[in-house]
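Participant: This is input.csv (CSV, C-alpha atoms).
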chain,number,residue,atom,x,y,z
S,30,MET,CA,-15.8,11.5,-15.9
S,31,LYS,CA,-15.8,10.8,-12.2
S,32,THR,CA,-12.4,10.2,-10.7
S,33,ASP,CA,-13.6,6.9,-9.3
S,34,ASP,CA,-14.4,5.7,-12.9
S,35,LEU,CA,-11.0,6.8,-14.1
S,36,VAL,CA,-9.4,4.8,-11.3
S,37,LYS,CA,-11.4,1.8,-12.3
S,38,MET,CA,-10.4,2.3,-15.9
S,39,LEU,CA,-6.7,2.6,-15.1
S,40,ALA,CA,-6.6,-0.4,-12.8
S,41,ALA,CA,-8.7,-2.7,-15.1
S,42,GLY,CA,-6.5,-5.5,-16.6
S,43,VAL,CA,-3.3,-3.9,-15.4
S,44,GLU,CA,-0.3,-6.0,-16.3
S,45,PRO,CA,3.0,-6.5,-14.5
S,46,ILE,CA,5.6,-3.9,-15.4
S,47,ASP,CA,8.4,-5.2,-17.6
S,48,ALA,CA,11.2,-2.7,-18.0
S,49,ARG,CA,13.4,-4.9,-20.2
S,50,PRO,CA,12.0,-4.0,-23.6
S,51,MET,CA,12.5,-0.3,-22.9
S,52,ALA,CA,16.0,-0.8,-21.5
S,53,ARG,CA,16.8,-2.7,-24.6
S,54,ARG,CA,15.6,0.1,-26.8
S,55,PHE,CA,17.6,2.6,-24.8
S,56,ARG,CA,20.8,0.5,-25.3
S,57,LEU,CA,20.0,0.3,-29.0
S,58,ALA,CA,19.6,4.1,-29.2
S,59,LEU,CA,22.9,4.7,-27.4
S,60,GLY,CA,24.7,2.1,-29.5
S,61,ALA,CA,23.4,3.7,-32.7
S,62,GLY,CA,24.4,7.2,-31.5
S,63,THR,CA,27.9,6.0,-30.6
S,64,LEU,CA,28.2,4.2,-33.9
S,65,ILE,CA,27.3,7.3,-35.9
S,66,ALA,CA,29.7,9.3,-33.7
S,67,VAL,CA,32.5,6.9,-34.6
S,68,ALA,CA,31.5,6.9,-38.3
S,69,LEU,CA,31.6,10.7,-38.3
S,70,THR,CA,35.1,10.7,-36.7
S,71,ALA,CA,36.5,8.0,-39.1
S,72,GLY,CA,34.7,9.4,-42.1
S,73,ILE,CA,34.8,13.2,-41.9
S,74,LEU,CA,37.9,13.5,-39.8
S,75,HIS,CA,40.1,10.4,-39.9
S,76,LEU,CA,41.5,8.1,-37.3
S,77,ASN,CA,44.8,9.3,-36.0
S,78,PRO,CA,47.5,7.2,-37.8
S,79,ALA,CA,49.8,7.6,-34.8
S,80,LEU,CA,47.2,6.0,-32.5
S,81,SER,CA,49.1,2.7,-32.0
S,82,ARG,CA,52.2,4.7,-30.9
S,83,TYR,CA,50.1,6.6,-28.3
S,84,LEU,CA,49.2,3.4,-26.5
S,85,SER,CA,52.4,3.5,-24.6
S,86,GLU,CA,51.9,7.2,-23.5
S,87,PRO,CA,50.5,7.6,-20.0
S,88,MET,CA,48.8,10.8,-21.1
S,89,PHE,CA,46.9,8.9,-23.7
S,90,TRP,CA,45.3,6.7,-21.0
S,91,ILE,CA,44.8,9.7,-18.7
S,92,ARG,CA,42.8,11.4,-21.5
S,93,GLU,CA,40.8,8.2,-22.1
S,94,ALA,CA,40.1,7.9,-18.3
S,95,TYR,CA,39.1,11.6,-18.1
S,96,CYS,CA,36.5,11.2,-20.9
S,97,LEU,CA,35.3,7.9,-19.5
S,98,ALA,CA,34.9,9.2,-16.0
S,99,LEU,CA,32.9,12.2,-17.2
S,100,SER,CA,30.8,9.9,-19.4
S,101,ALA,CA,30.1,7.6,-16.4
S,102,VAL,CA,29.1,10.4,-14.1
S,103,ALA,CA,27.0,12.1,-16.7
S,104,LEU,CA,25.2,8.8,-17.4
S,105,VAL,CA,24.3,8.5,-13.7
S,106,ALA,CA,23.0,12.1,-13.9
S,107,VAL,CA,20.9,11.2,-17.0
S,108,HIS,CA,19.5,8.1,-15.2
S,109,ARG,CA,18.4,10.0,-12.2
S,110,LEU,CA,17.1,13.2,-13.8
S,111,ALA,CA,15.0,11.2,-16.2
S,112,ARG,CA,13.0,9.8,-13.3
S,113,PRO,CA,10.8,11.7,-10.9
S,114,GLY,CA,11.9,12.3,-7.3
S,115,ARG,CA,15.5,11.2,-7.7
S,116,ARG,CA,18.3,13.3,-6.1
S,117,LEU,CA,21.6,14.1,-7.9
S,118,GLY,CA,23.5,13.3,-4.7
S,119,LEU,CA,27.2,13.2,-5.3
S,120,VAL,CA,27.0,13.7,-9.0
S,121,PRO,CA,28.0,17.4,-9.0
S,122,ALA,CA,30.9,16.7,-6.6
S,123,ALA,CA,32.1,13.8,-8.8
S,124,LEU,CA,32.0,16.0,-11.9
S,125,ALA,CA,34.0,18.7,-10.2
S,126,LEU,CA,36.5,16.2,-8.9
S,127,VAL,CA,37.2,14.9,-12.4
S,128,VAL,CA,37.5,18.4,-13.9
S,129,ILE,CA,39.7,19.6,-11.1
S,130,ALA,CA,42.0,16.6,-11.3
S,131,MET,CA,42.7,17.4,-15.0
S,132,TRP,CA,43.3,21.1,-14.1
S,133,ALA,CA,45.7,20.0,-11.4
S,134,LEU,CA,47.6,17.9,-13.9
S,135,ALA,CA,47.6,20.9,-16.3
S,136,VAL,CA,49.1,23.2,-13.7
S,137,VAL,CA,51.8,20.7,-12.9
S,138,ALA,CA,52.6,20.3,-16.7
S,139,LEU,CA,52.7,24.1,-17.2
S,140,ALA,CA,54.9,24.6,-14.1
S,141,GLN,CA,57.4,22.0,-15.3
S,142,ALA,CA,57.5,23.3,-18.9
S,143,SER,CA,59.8,26.1,-20.0
S,144,PRO,CA,58.0,29.5,-20.6
S,145,GLN,CA,58.4,29.2,-24.4
S,146,ARG,CA,56.8,25.8,-24.5
S,147,ARG,CA,53.7,26.7,-22.4
S,148,PRO,CA,51.6,28.1,-25.3
S,149,GLN,CA,52.1,24.9,-27.1
S,150,LEU,CA,50.8,22.9,-24.1
S,151,VAL,CA,47.6,25.1,-24.0
S,152,PHE,CA,46.8,25.6,-27.6
S,153,GLY,CA,48.5,22.6,-29.3
S,154,ALA,CA,47.8,22.7,-33.1
S,155,THR,CA,44.1,22.2,-33.0
S,156,ALA,CA,42.6,24.4,-30.2
S,157,ALA,CA,40.6,26.4,-32.7
S,158,VAL,CA,38.6,23.4,-34.0
S,159,CYS,CA,38.6,20.9,-31.1
S,160,PRO,CA,35.5,22.2,-29.3
S,161,PHE,CA,33.5,22.4,-32.4
S,162,LEU,CA,34.5,18.9,-33.6
S,163,ILE,CA,33.5,17.4,-30.3
S,164,ALA,CA,30.2,19.2,-30.5
S,165,LEU,CA,29.6,17.9,-34.0
S,166,ILE,CA,30.4,14.3,-33.0
S,167,ALA,CA,28.1,14.8,-30.0
S,168,ALA,CA,25.0,15.6,-32.2
S,169,PRO,CA,23.9,12.0,-32.7
S,170,LEU,CA,24.5,11.2,-29.1
S,171,LEU,CA,22.6,14.2,-27.9
S,172,ILE,CA,19.6,13.1,-30.1
S,173,ALA,CA,19.8,9.6,-28.5
S,174,HIS,CA,20.0,10.9,-24.9
S,175,LEU,CA,17.1,13.3,-25.4
S,176,TRP,CA,15.0,10.6,-27.1
S,177,ILE,CA,15.6,8.3,-24.1
S,178,MET,CA,14.6,11.1,-21.7
S,179,ARG,CA,11.5,11.8,-23.7
S,180,ASN,CA,10.5,8.2,-23.0
S,181,LEU,CA,10.9,8.7,-19.3
S,182,ALA,CA,9.6,11.4,-17.0
S,183,PRO,CA,12.1,14.2,-16.2
S,184,THR,CA,10.6,16.9,-13.9
S,185,ARG,CA,13.5,19.4,-14.0
S,186,LEU,CA,13.7,19.9,-17.7
S,187,ALA,CA,16.6,22.3,-18.2
S,188,LEU,CA,18.7,20.3,-15.8
S,189,ALA,CA,17.7,17.0,-17.4
S,190,GLY,CA,18.5,18.5,-20.9
S,191,ALA,CA,21.9,19.7,-19.6
S,192,ALA,CA,22.7,16.2,-18.3
S,193,ALA,CA,21.8,14.7,-21.7
S,194,GLY,CA,24.1,17.2,-23.3
S,195,LEU,CA,26.9,16.5,-20.8
S,196,ALA,CA,26.6,12.8,-21.4
S,197,ALA,CA,26.6,13.3,-25.2
S,198,GLY,CA,29.6,15.7,-25.0
S,199,SER,CA,31.6,13.4,-22.8
S,200,MET,CA,31.0,10.3,-24.9
S,201,ALA,CA,31.8,12.4,-28.0
S,202,ALA,CA,35.0,13.5,-26.5
S,203,LEU,CA,35.9,9.9,-25.9
S,204,VAL,CA,35.2,9.1,-29.5
S,205,TYR,CA,37.2,12.2,-30.6
S,206,THR,CA,40.3,10.8,-28.9
S,207,LEU,CA,40.5,8.4,-31.9
S,208,HIS,CA,41.3,11.4,-34.1
S,209,CYS,CA,42.8,14.0,-31.8
S,210,PRO,CA,46.6,14.4,-31.8
S,211,GLU,CA,46.7,16.4,-28.6
S,212,LEU,CA,47.9,14.8,-25.3
S,213,ALA,CA,48.8,17.8,-23.2
S,214,ALA,CA,46.8,18.2,-19.9
S,215,PRO,CA,46.3,21.9,-20.3
S,216,PHE,CA,44.8,21.4,-23.8
S,217,ILE,CA,42.4,18.7,-22.6
S,218,GLY,CA,41.5,20.6,-19.4
S,219,ILE,CA,40.4,23.6,-21.5
S,220,TRP,CA,39.3,22.7,-25.0
S,221,TYR,CA,37.8,19.2,-24.4
S,222,LEU,CA,35.8,20.8,-21.6
S,223,CYS,CA,34.7,23.6,-24.0
S,224,GLY,CA,33.6,21.0,-26.5
S,225,ILE,CA,31.6,19.1,-23.9
S,226,LEU,CA,30.0,22.3,-22.6
S,227,ILE,CA,28.5,23.2,-26.1
S,228,PRO,CA,26.1,20.2,-26.2
S,229,THR,CA,25.5,20.7,-22.4
S,230,MET,CA,24.3,24.2,-22.9
S,231,LEU,CA,22.3,23.2,-26.0
S,232,GLY,CA,20.6,20.4,-24.0
S,233,ALA,CA,19.8,22.9,-21.2
S,234,TRP,CA,18.2,25.2,-23.7
S,235,LEU,CA,16.3,22.4,-25.6
S,236,GLY,CA,15.2,20.6,-22.5
S,237,PRO,CA,12.2,22.7,-21.5
S,238,ALA,CA,10.8,22.6,-25.0
S,239,LEU,CA,11.6,19.0,-25.9
S,240,LEU,CA,11.2,17.1,-22.7
S,241,ARG,CA,7.7,18.2,-21.6
S,242,TRP,CA,5.1,15.5,-21.0
R,4,MET,CA,3.3,4.9,8.0
R,5,ARG,CA,1.2,6.1,5.0
R,6,GLU,CA,4.4,5.9,2.8
R,7,GLU,CA,4.9,2.2,3.8
R,8,HIS,CA,1.2,1.4,3.2
R,9,LEU,CA,1.1,3.0,-0.2
R,10,LYS,CA,4.4,1.7,-1.2
R,11,ARG,CA,3.2,-1.9,-0.5
R,12,LEU,CA,0.1,-1.3,-2.5
R,13,PHE,CA,2.1,0.2,-5.4
R,14,SER,CA,4.6,-2.6,-5.4
R,15,GLN,CA,1.7,-5.1,-5.7
R,16,SER,CA,0.2,-2.9,-8.4
R,17,LEU,CA,3.5,-3.0,-10.4
R,18,ALA,CA,3.4,-6.8,-10.2
R,19,GLY,CA,0.0,-6.7,-11.9
R,20,ASP,CA,-2.4,-6.8,-8.9
R,21,GLU,CA,-5.5,-5.1,-10.2
R,22,GLN,CA,-7.3,-4.8,-6.8
R,23,ALA,CA,-4.2,-3.4,-5.0
R,24,TYR,CA,-3.8,-0.9,-7.9
R,25,GLY,CA,-7.4,0.3,-7.6
R,26,GLN,CA,-7.1,0.8,-3.9
R,27,PHE,CA,-3.8,2.6,-4.4
R,28,LEU,CA,-5.2,5.0,-7.0
R,29,THR,CA,-8.3,5.6,-4.8
R,30,GLU,CA,-6.3,6.5,-1.7
R,31,LEU,CA,-3.8,8.5,-3.8
R,32,SER,CA,-6.5,10.5,-5.4
R,33,ALA,CA,-7.9,11.5,-2.0
R,34,LEU,CA,-4.4,12.7,-1.0
R,35,LEU,CA,-3.9,14.5,-4.2
R,36,ARG,CA,-7.3,16.2,-4.0
R,37,ALA,CA,-6.6,17.5,-0.5
R,38,PHE,CA,-3.1,18.7,-1.5
R,39,LEU,CA,-4.3,20.4,-4.6
R,40,ARG,CA,-7.3,22.0,-2.8
R,41,ARG,CA,-4.8,23.9,-0.7
R,42,ARG,CA,-2.5,24.7,-3.7
R,43,LEU,CA,-5.3,25.7,-6.0
R,44,ALA,CA,-7.4,27.7,-3.5
R,45,ARG,CA,-8.0,30.3,-6.2
R,46,LEU,CA,-8.8,27.8,-8.9
R,47,PRO,CA,-11.1,25.3,-7.2
R,48,ASP,CA,-12.7,24.1,-10.5
R,49,GLN,CA,-9.3,22.9,-11.7
R,50,VAL,CA,-8.7,20.6,-8.8
R,51,GLU,CA,-10.4,17.5,-10.1
R,52,ASP,CA,-9.0,17.9,-13.6
R,53,LEU,CA,-5.6,18.0,-12.2
R,54,VAL,CA,-6.2,15.0,-9.9
R,55,GLN,CA,-7.1,13.0,-13.0
R,56,GLU,CA,-4.3,14.3,-15.0
R,57,ILE,CA,-1.8,13.3,-12.3
R,58,LEU,CA,-3.4,9.9,-12.0
R,59,VAL,CA,-3.0,9.3,-15.7
R,60,ALA,CA,0.6,10.6,-15.5
R,61,ILE,CA,1.4,8.3,-12.6
R,62,HIS,CA,-0.1,5.4,-14.5
R,63,ASN,CA,1.8,6.2,-17.7
R,64,GLN,CA,5.1,6.7,-15.9
R,65,ARG,CA,4.9,3.9,-13.4
R,66,GLN,CA,7.9,2.1,-15.0
R,67,THR,CA,10.1,5.0,-13.9
R,68,TYR,CA,9.6,4.0,-10.3
R,69,ALA,CA,12.5,1.8,-9.1
R,70,ALA,CA,11.6,-0.9,-6.6
R,71,GLY,CA,12.5,0.2,-3.1
R,72,GLN,CA,12.8,3.9,-4.0
R,73,PRO,CA,10.9,6.1,-1.5
R,74,LEU,CA,7.5,6.6,-3.0
R,75,THR,CA,6.5,10.0,-1.6
R,76,PRO,CA,9.2,12.0,-3.4
R,77,TRP,CA,8.4,10.1,-6.6
R,78,ILE,CA,4.7,11.0,-6.5
R,79,TYR,CA,5.4,14.5,-5.2
R,80,ALA,CA,7.8,15.2,-8.1
R,81,ILE,CA,5.1,14.2,-10.6
R,82,ALA,CA,2.3,16.1,-8.8
R,83,ARG,CA,4.5,19.2,-8.5
R,84,TYR,CA,5.5,19.0,-12.1
R,85,LYS,CA,1.9,18.7,-13.3
R,86,LEU,CA,0.8,21.5,-11.0
R,87,ILE,CA,3.5,23.9,-12.2
R,88,ASP,CA,2.8,22.9,-15.8
R,89,LEU,CA,-0.9,23.8,-15.3
R,90,LEU,CA,-0.1,27.1,-13.6
R,91,ARG,CA,2.4,27.9,-16.4
R,92,ARG,CA,-0.1,27.0,-19.1
R,93,ARG,CA,-2.6,29.4,-17.4
R,94,SER,CA,0.3,31.9,-17.1
R,95,ARG,CA,-1.0,32.9,-13.7
R,96,SER,CA,2.3,33.8,-12.3
R,97,ASP,CA,0.7,35.3,-9.2
R,98,LEU,CA,-0.1,31.7,-8.0
R,99,LEU,CA,3.5,30.7,-8.1
R,100,HIS,CA,4.5,32.8,-5.2
R,101,ASP,CA,3.7,30.0,-2.8
R,102,PRO,CA,7.0,28.1,-2.3
R,103,MET,CA,6.5,24.4,-3.2
R,104,ASP,CA,9.3,22.4,-1.8
R,105,ASP,CA,7.8,20.4,1.0
R,106,ASP,CA,6.9,16.9,0.0
R,107,ALA,CA,6.0,16.0,3.6
R,108,GLU,CA,2.8,18.0,3.1
R,109,LEU,CA,1.5,15.8,0.4
R,110,PHE,CA,0.6,12.8,2.6
R,111,THR,CA,-0.9,14.7,5.6
R,112,THR,CA,-4.5,15.0,4.8
R,113,ALA,CA,-6.9,13.1,2.5
R,114,ASP,CA,-10.1,14.1,0.8
R,115,ALA,CA,-12.1,11.2,-0.4
R,116,GLN,CA,-14.9,13.3,-1.8
R,117,ALA,CA,-14.3,12.2,-5.4
R,118,ALA,CA,-15.8,14.6,-7.9
R,119,GLU,CA,-16.1,14.9,-11.6
R,120,ALA,CA,-13.5,16.5,-13.9
R,121,ARG,CA,-14.7,19.0,-16.4
R,122,PHE,CA,-13.4,16.9,-19.3
R,123,ASP,CA,-14.7,13.5,-19.9
R,124,VAL,CA,-12.1,10.8,-20.5
R,125,ALA,CA,-14.7,8.6,-22.2
R,126,LYS,CA,-15.3,11.4,-24.7
R,127,LEU,CA,-11.6,12.1,-25.2
R,128,LEU,CA,-11.2,8.4,-26.0
R,129,LYS,CA,-13.3,9.0,-29.1
R,130,GLY,CA,-10.6,11.1,-30.6
R,131,LEU,CA,-8.1,8.2,-30.6
R,132,PRO,CA,-7.5,6.0,-33.6
R,133,ASP,CA,-9.3,2.6,-33.5
R,134,ARG,CA,-6.1,0.6,-32.8
R,135,GLN,CA,-5.8,2.5,-29.5
R,136,ARG,CA,-9.5,3.3,-28.7
R,137,LEU,CA,-10.8,-0.2,-29.0
R,138,PRO,CA,-8.2,-1.9,-26.8
R,139,ILE,CA,-8.8,0.7,-24.1
R,140,TRP,CA,-12.5,0.5,-24.4
R,141,TYR,CA,-12.7,-3.3,-24.2
R,142,VAL,CA,-10.0,-3.9,-21.7
R,143,LYS,CA,-10.0,-0.8,-19.5
R,144,ILE,CA,-13.7,0.1,-19.5
R,145,GLU,CA,-15.6,-3.1,-20.3
R,146,GLY,CA,-13.1,-5.2,-18.4
R,147,ALA,CA,-12.5,-7.8,-21.1
R,148,SER,CA,-9.3,-9.7,-21.1
R,149,VAL,CA,-6.5,-8.9,-23.5
R,150,ALA,CA,-7.0,-12.2,-25.3
R,151,ASP,CA,-10.7,-11.6,-25.8
R,152,THR,CA,-10.1,-8.1,-27.0
R,153,ALA,CA,-7.6,-9.4,-29.5
R,154,ALA,CA,-10.2,-11.9,-30.8
R,155,ARG,CA,-12.9,-9.3,-31.0
R,156,THR,CA,-10.8,-6.7,-32.8
R,157,GLY,CA,-8.8,-9.0,-35.0
R,158,MET,CA,-5.6,-7.5,-33.5
R,159,SER,CA,-2.7,-9.5,-32.1
R,160,VAL,CA,-2.3,-9.7,-28.3
R,161,ALA,CA,0.9,-7.6,-28.5
R,162,ALA,CA,-0.9,-5.0,-30.6
R,163,VAL,CA,-3.7,-4.7,-28.0
R,164,LYS,CA,-1.2,-4.1,-25.3
R,165,ILE,CA,0.7,-1.6,-27.3
R,166,GLY,CA,-2.6,0.1,-28.2
R,167,ILE,CA,-3.5,0.5,-24.5
R,168,HIS,CA,-0.1,1.8,-23.6
R,169,ARG,CA,0.1,4.3,-26.5
R,170,GLY,CA,-3.6,5.2,-26.2
R,171,LEU,CA,-3.2,6.2,-22.5
R,172,LYS,CA,-0.1,8.3,-23.4
R,173,ALA,CA,-2.1,10.0,-26.2
R,174,LEU,CA,-4.9,10.5,-23.7
R,175,ALA,CA,-2.6,12.2,-21.3
R,176,ALA,CA,-1.5,14.6,-24.0
R,177,THR,CA,-5.1,15.4,-24.9
R,178,ILE,CA,-6.0,16.0,-21.2
R,179,ARG,CA,-3.1,18.3,-21.0
R,180,SER,CA,-4.2,20.4,-24.0
R,181,THR,CA,-7.9,20.5,-22.9
R,182,ALA,CA,-7.3,21.3,-19.2
Can you turn what I pasted into structure tokens?

Facilitator:
Amino acid sequence: MKTDDLVKMLAAGVEPIDARPMARRFRLALGAGTLIAVALTAGILHLNPALSRYLSEPMFWIREAYCLALSAVALVAVHRLARPGRRLGLVPAALALVVIAMWALAVVALAQASPQRRPQLVFGATAAVCPFLIALIAAPLLIAHLWIMRNLAPTRLALAGAAAGLAAGSMAALVYTLHCPELAAPFIGIWYLCGILIPTMLGAWLGPALLRW
Amino acid sequence: MREEHLKRLFSQSLAGDEQAYGQFLTELSALLRAFLRRRLARLPDQVEDLVQEILVAIHNQRQTYAAGQPLTPWIYAIARYKLIDLLRRRSRSDLLHDPMDDDAELFTTADAQAAEARFDVAKLLKGLPDRQRLPIWYVKIEGASVADTAARTGMSVAAVKIGIHRGLKALAATIRSTA
């Protein structure tokens, strides 16, 4: 076929673009992913019975803010990397800032604690399972984010997959706070981050295979 | 200059202006052709295939362009992605040595000498299911309206639109596997 004929064909009867139906499906996918993540947390794990007592703890809210901030920055990264020709801009710096802020809090907490109490701040009671539980909860969210990306046009596939994984992991960490009994900054700075990095690496690995178009 | 001109045409296209869209795609294909001639100096017979593959990709992904966003990087990212994809598929790693990170180069020269691709989109259409092939055939090739096509095929208006959309996506996948 001549290119001129293809041009005619593509242009024929072209309709105005309406992005709303797609945006609605994306919101539905994210909503479903989040719901399944919450159901996994409430069903397989259980909601932390002491949750209401935590509400008066500043560290509870700092933990929520940490997960929320990572989720928000990761969602910006997903939005940009899913579309051709968009730059990441300040996204890497913003991510680093959030992580470093938690590490700074961790250093302060460790410095103020007595030497005997320090291992407790780092390992808590659940360090061995925390990263894997976050990764498990992230699974439905990773599927949702990768599905959304497949409907768009990422051009840097490993990076786009990593962003999908980061968003899934951060949102999963936020959901996991409904169960997690740990409030120490060193614990969150290490094990939450490890849990978030599992889906991130998985996404980077899956991206080139799943996101091609 | 060219960026502004093409951006205006593309914005009108996204609003449903068929004539602007035809002009946009024609001018764009000339730019892509010149760009790919230089990039695929050793694979000249692939140039027109890739021009068409990129045009279909741009059409299918046009909802990922945000109004006001610079157009050159958007198009360049798609063209570059499809070029690298082609080279990777051919696993001709020797062609990748040329660094490709200069989008300014894309809009410098135009080559309006439209040629024929080795694959035939009209033939590829035949491989699609009726619910996609018929809407594309009537609306996109014969130039019938969506409403007429719906009446002729017994499909609903929404189904005709979905058929065109999905059919062009399927077509892009077929082009990709034949090229």

Participant: Can you write out as a tab-separated table which residues of chain S fall within 7 Å of chain R, alongside each residue's closest atom pair and its distance in Å to one decimal, counting only C-alpha atoms and ordering rows by chain and ascending residue number?

Facilitator:
residue	atom	partner	partner_atom	distance
S:Met30	CA	R:Asp123	CA	4.6
S:Lys31	CA	R:Glu119	CA	4.2
S:Thr32	CA	R:Ala117	CA	6.0
S:Asp33	CA	R:Ala117	CA	6.6
S:Val36	CA	R:Leu28	CA	6.0
S:Lys37	CA	R:Gly25	CA	6.4
S:Met38	CA	R:Lys143	CA	4.8
S:Leu39	CA	R:Lys143	CA	6.5
S:Ala40	CA	R:Gly25	CA	5.3
S:Ala41	CA	R:Lys143	CA	5.0
S:Gly42	CA	R:Val142	CA	6.4
S:Val43	CA	R:Gly19	CA	5.6
S:Glu44	CA	R:Gly19	CA	4.5
S:Pro45	CA	R:Gly19	CA	4.0
S:Ile46	CA	R:Leu17	CA	5.5
S:Ala48	CA	R:Gln66	CA	6.6
S:Arg112	CA	R:Thr67	CA	5.6
S:Pro113	CA	R:Trp77	CA	5.2
S:Gly114	CA	R:Trp77	CA	4.2
S:Leu181	CA	R:Thr67	CA	6.6
S:Ala182	CA	R:Gln64	CA	6.6
S:Thr184	CA	R:Tyr84	CA	5.8

Participant: Write the selection just made, keeping C-alpha atoms, as a short mmCIF file (atom, residue, chain, number, x, y, z; two decimals), in the frame of the given file?

Facilitator:
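again20.cif written:
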data_model
loop_
_atom_site.label_atom_id
_atom_site.label_comp_id
_atom_site.auth_asym_id
_atom_site.auth_seq_id
_atom_site.Cartn_x
_atom_site.Cartn_y
_atom_site.Cartn_z
CA MET S 30 -15.80 11.50 -15.90
CA LYS S 31 -15.80 10.80 -12.20
CA THR S 32 -12.40 10.20 -10.70
CA ASP S 33 -13.60 6.90 -9.30
CA VAL S 36 -9.40 4.80 -11.30
CA LYS S 37 -11.40 1.80 -12.30
CA MET S 38 -10.40 2.30 -15.90
CA LEU S 39 -6.70 2.60 -15.10
CA ALA S 40 -6.60 -0.40 -12.80
CA ALA S 41 -8.70 -2.70 -15.10
CA GLY S 42 -6.50 -5.50 -16.60
CA VAL S 43 -3.30 -3.90 -15.40
CA GLU S 44 -0.30 -6.00 -16.30
CA PRO S 45 3.00 -6.50 -14.50
CA ILE S 46 5.60 -3.90 -15.40
CA ALA S 48 11.20 -2.70 -18.00
CA ARG S 112 13.00 9.80 -13.30
CA PRO S 113 10.80 11.70 -10.90
CA GLY S 114 11.90 12.30 -7.30
CA LEU S 181 10.90 8.70 -19.30
CA ALA S 182 9.60 11.40 -17.00
CA THR S 184 10.60 16.90 -13.90
#

Participant: Find the spatial neighbours of Ala106 (chain S), counting all atoms listed in the file, within a cut-off of 7 Å - ignore same-chain residues fewer than 3 positions away - and output them as a ChimeraX atom specification.

Facilitator: /S:102-103,109-110,117,120,192

Participant: S:His108, S:Tyr205, S:Ile65, S:Arg54: which is nearest Val158 (chain S), counting only C-alpha atoms?

Facilitator: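 The shortest atom-to-atom distance to Val158 (chain S) comes from S:Tyr205.
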
Participant: Give me, as number ranges by chain, all polymer residues having an atom no more than 12 Å from region 89-92 of chain S, counting only C-alpha atoms and skipping those fewer than 3 positions away in the same chain.

Facilitator: S: 79-86, 95-99, 127-128, 130-131, 134-135, 199, 202-207, 209-218, 221-222

Participant: Quick one: residues within 6 Å of Leu34 (chain R), all atoms listed in the file, excluding same-chain residues fewer than 3 positions away - as a VMD selection string?

Facilitator: chain R and resid 31 37 113

Participant: With C-alpha atoms retained, write the just-selected residues as a PDB file, in the coordinates of the input.

Facilitator:
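Done, and the output landed in part-v3.pdb:
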ATOM      1  CA  LEU R  31      -3.800   8.500  -3.800  1.00  0.00           C
ATOM      2  CA  ALA R  37      -6.600  17.500  -0.500  1.00  0.00           C
ATOM      3  CA  ALA R 113      -6.900  13.100   2.500  1.00  0.00           C
TER       4      ALA R 113
END

Participant: Write out as a list in words the residues lying within 10 Å of Gly130 (chain R), counting only C-alpha atoms and excluding same-chain residues fewer than 5 positions away.

Facilitator: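 Close residues of Gly130 (chain R): Ala125, Gln135, Arg136, Ala173, Leu174 and Thr177 of chain R.
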
Participant: Which polymer residues, whether protein, DNA or RNA, lie within 10 Å of the coordinate (24.5, 22.5, -25.1) when you count all atoms listed in the file? List them as a PyMOL selection string, using the chain letters and numbers from the file.

Facilitator: chain S and resi 164+167-168+171+190-195+197-198+224-236

Participant: Restricting the calculation to all atoms listed in the file: of R:Leu128, R:Met158, R:Arg36, R:Leu9, which residue gets closest to Asp48 (chain R)?

Facilitator: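 Using all atoms listed in the file, Asp48 (chain R) sits closest to R:Arg36.
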
Participant: Rank nothing, just name the residue among S:Ala201, S:Glu93, S:Ala68, S:Arg116 nearest to Phe161 (chain S), using all atoms listed in the file.

Facilitator: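 Among the listed residues, the smallest separation from Phe161 (chain S) belongs to S:Ala201.
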
Participant: Which value, in Å to one decimal, gives the distance between CA of Arg40 (chain R) and CA of Ala187 (chain S)?

Facilitator: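 So the two atoms, CA of Arg40 (chain R) and CA of Ala187 (chain S), lie 28.4 Å apart.
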
Participant: So what do you get for CA of Val163 (chain R) versus CA of Arg11 (chain R), distance-wise?

Facilitator: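 According to the coordinates, CA of Val163 (chain R) and CA of Arg11 (chain R) are separated by 28.5 Å.
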